[in-house]
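Peer 1: Sharing a structure here in structure tokens format.
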Amino acid sequence: MIRSVVYLVLAAVLATLIVVLAEQSTREQREFNNAVYAARMLGEVLPAGEYDQTPGLQVILLHDEELLGSIDPLPAYPVYRDGTFFAIVMSVVANDGYVGPIGLLVGISKDGHVLGVRATSHRETPGLGDKIEAQKSDWILQFQETGSAPTRTWRLTRDGGDFDHISGATITSRAVTRAVGRSLEYFAANRNQLIALPPD
Ligand SMILES: Cc1cc2nc3c(=O)[nH]c(=O)nc-3n(C[C@H](O)[C@H](O)[C@H](O)COP(=O)(O)O)c2cc1C
């Protein structure tokens with residue numbers, strides 16, 4: 001009986017050890033992969049060649065459940081041109097998607113214009129809501145092309161705003177449009193602190 005208990009405890013300790021070691025040995029690789037992914041996504045929501053490309057990404061955490069849509073702090077990436085603040089790439093979550101939450105990255109210039117928006121995670125329906133992906137349709141490009149000013153009404157045209165909806169996917173497009181608007185509200189409310197952040 002005692003021997004069985006000892007074996008069980010030993011097995012549990014060994015299993016824990018293996019999990020901890022595996023976690024540690026893959027952490028660096030995962031951090032590297034995340035940084036590469038974030039750098040690539042930054043390139044999608046910012047104009048190429050207009051900001052300083054630094055070897056490491058500067059990351060800050062922002063927390064505002066109401067405007068950013070998450071109870072957890074979300075990463076944001078300030079970027080600089082010749083060492084002065086150029087733009088910030090913010091994460092924002094739309095919790096009112098058709099299927100589930102939609103993760104977005106929004107590039108916002110120093111003067112509060114949208115430089116680009118990309119969906120980073122979602123479970124919306126293939127062929128309908130997934131048209132928010134830039135690879136599947138041009139819909140998400142409208143925010144940077146014609147609608148970038150913070151003074152636009154960040155709702156769908158059919159809700160009295162300034163933005164087209166995706167046909168057959170009004171719920172998804174409404175959720176994304178409003179979330180982009182909320183990220184601009186967050187930027188406007190916190191602009192002074194954000195643009196004063198020094199480069200790393
Ligand atoms: C199986 C199924 C999947 C759907 N997936 C989505 C979706 O991903 N996003 C969305 O906005 N609407 C989705 N819809 C449609 C919505 O129920 C709703 O009809 C639509 O958002 C309204 O858009 P419309 O006014 O452009 O037709 C789906 C409907 C069905 C039956």
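Here's how to read the names in the structure tokens: chain A, B, ... by the order shown, residue numbers from 1 in each chain, ligand numbers from 1 in the order shown.
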Could I get the residue neighbourhood of ligand 1 at 8 Å, counting only C-alpha atoms and all ligand atoms, as a VMD selection string?
Peer 2: chain A and resid 97 to 99 123 to 130 165 to 174
Peer 1: I'd like a table as JSON lines: residues in stretch 92-163 of chain A with an atom no more than 10 Å from stretch 25-49 of chain A, each row giving the shortest atom pair and its distance in Å to one decimal, only C-alpha atoms counted, sorted by chain and rising residue number.
Peer 2:
```
{"residue": "A:Leu105", "atom": "CA", "partner": "A:Val45", "partner_atom": "CA", "distance": 7.5}
{"residue": "A:Val106", "atom": "CA", "partner": "A:Val45", "partner_atom": "CA", "distance": 6.6}
{"residue": "A:Gly107", "atom": "CA", "partner": "A:Val45", "partner_atom": "CA", "distance": 5.3}
{"residue": "A:Ile108", "atom": "CA", "partner": "A:Leu46", "partner_atom": "CA", "distance": 8.4}
{"residue": "A:Ser109", "atom": "CA", "partner": "A:Leu46", "partner_atom": "CA", "distance": 8.9}
{"residue": "A:Val114", "atom": "CA", "partner": "A:Val45", "partner_atom": "CA", "distance": 8.8}
{"residue": "A:Leu115", "atom": "CA", "partner": "A:Leu46", "partner_atom": "CA", "distance": 5.8}
{"residue": "A:Gly116", "atom": "CA", "partner": "A:Val45", "partner_atom": "CA", "distance": 4.0}
{"residue": "A:Val117", "atom": "CA", "partner": "A:Val45", "partner_atom": "CA", "distance": 5.6}
{"residue": "A:Arg118", "atom": "CA", "partner": "A:Val45", "partner_atom": "CA", "distance": 6.8}
{"residue": "A:Ala119", "atom": "CA", "partner": "A:Met41", "partner_atom": "CA", "distance": 9.7}
{"residue": "A:Thr120", "atom": "CA", "partner": "A:Met41", "partner_atom": "CA", "distance": 8.3}
{"residue": "A:Ala134", "atom": "CA", "partner": "A:Glu44", "partner_atom": "CA", "distance": 9.6}
{"residue": "A:Leu141", "atom": "CA", "partner": "A:Val45", "partner_atom": "CA", "distance": 9.7}
{"residue": "A:Gln144", "atom": "CA", "partner": "A:Val45", "partner_atom": "CA", "distance": 8.8}
```
Peer 1: Which is closest to A:Leu197 among A:Met1, A:Val9, A:Leu21, A:Ile88, if we use only C-alpha atoms?
Peer 2: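 The closest residue to A:Leu197 is A:Ile88.
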Peer 1: For A:Phe85, which residue out of A:Asp52, A:Ile2, A:Leu14, A:Asp72 is the nearest one, using only C-alpha atoms?
Peer 2: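 Of A:Asp52, A:Ile2, A:Leu14, A:Asp72, the one nearest A:Phe85, counting only C-alpha atoms, is A:Asp52.
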Peer 1: If you run DSSP over the backbone, which residues in stretch 42-168 of chain A end up helix (DSSP H, G or I)? Put them as a list in words.
Peer 2: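 Written out, the helix (DSSP H, G or I) residues of stretch 42-168 of chain A are Leu42, Gly43, Glu44, Val45, Glu65, Glu66, Leu67, Leu68, Gly129, Asp130, Lys131, Ile132, Trp139, Ile140, Leu141, Gln142, Phe143, Gln144, Glu145, Thr157, Arg158 and Asp159 of chain A.
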Peer 1: Nearest to A:Leu67 among A:His113, A:Arg191, A:Arg178, A:Arg152, with distances taken over only C-alpha atoms: which residue is it?
Peer 2: A:Arg178
Peer 1: Do you know which residues are at most 9 Å from A:Met90 counting only C-alpha atoms, after dropping those on the same chain fewer than 3 positions away, and could you put them as a list in words?
Peer 2: Leu62, Leu68, Leu74, Pro75, Ala76, Tyr77, Pro78, Leu104, Leu105, Val106, Gly107, Ile108, Ser183 and Phe187 of chain A
Peer 1: For each of A:Ala22, A:Ala15, A:Ala179, A:Leu156, take the minimum atom-to-atom distance to A:Glu65, counting only C-alpha atoms, then give the residue where this is smallest.
Peer 2: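 Comparing A:Ala22, A:Ala15, A:Ala179, A:Leu156 against A:Glu65, the winner is A:Ala179.
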Peer 1: Which residue out of A:Lys131, A:Arg155, A:Arg3, A:Lys110 has the minimum interatomic distance to A:Ile195 when only C-alpha atoms are used?
Peer 2: A:Lys110
Peer 1: Can you work out which one of A:Thr84, A:Gln53, A:Thr177, A:Ser137 has the shortest atom-to-atom distance to A:Pro198, counting only C-alpha atoms?
Peer 2: A:Thr84
Peer 1: Could you please write out, as a list in words, every residue of stretch 113-143 of chain A that DSSP assigns to strand (DSSP E)?
Peer 2: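 Assigned to strand (DSSP E), within stretch 113-143 of chain A: Val114, Leu115, Gly116, Val117, Arg118, Ala119, Thr120 and Ser121 of chain A.
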Peer 1: In Å, rounded to a single decimal, give me how far atom CA of A:Tyr186 is from atom CA of A:Val59.
Peer 2: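 It comes out at 17.0 Å.
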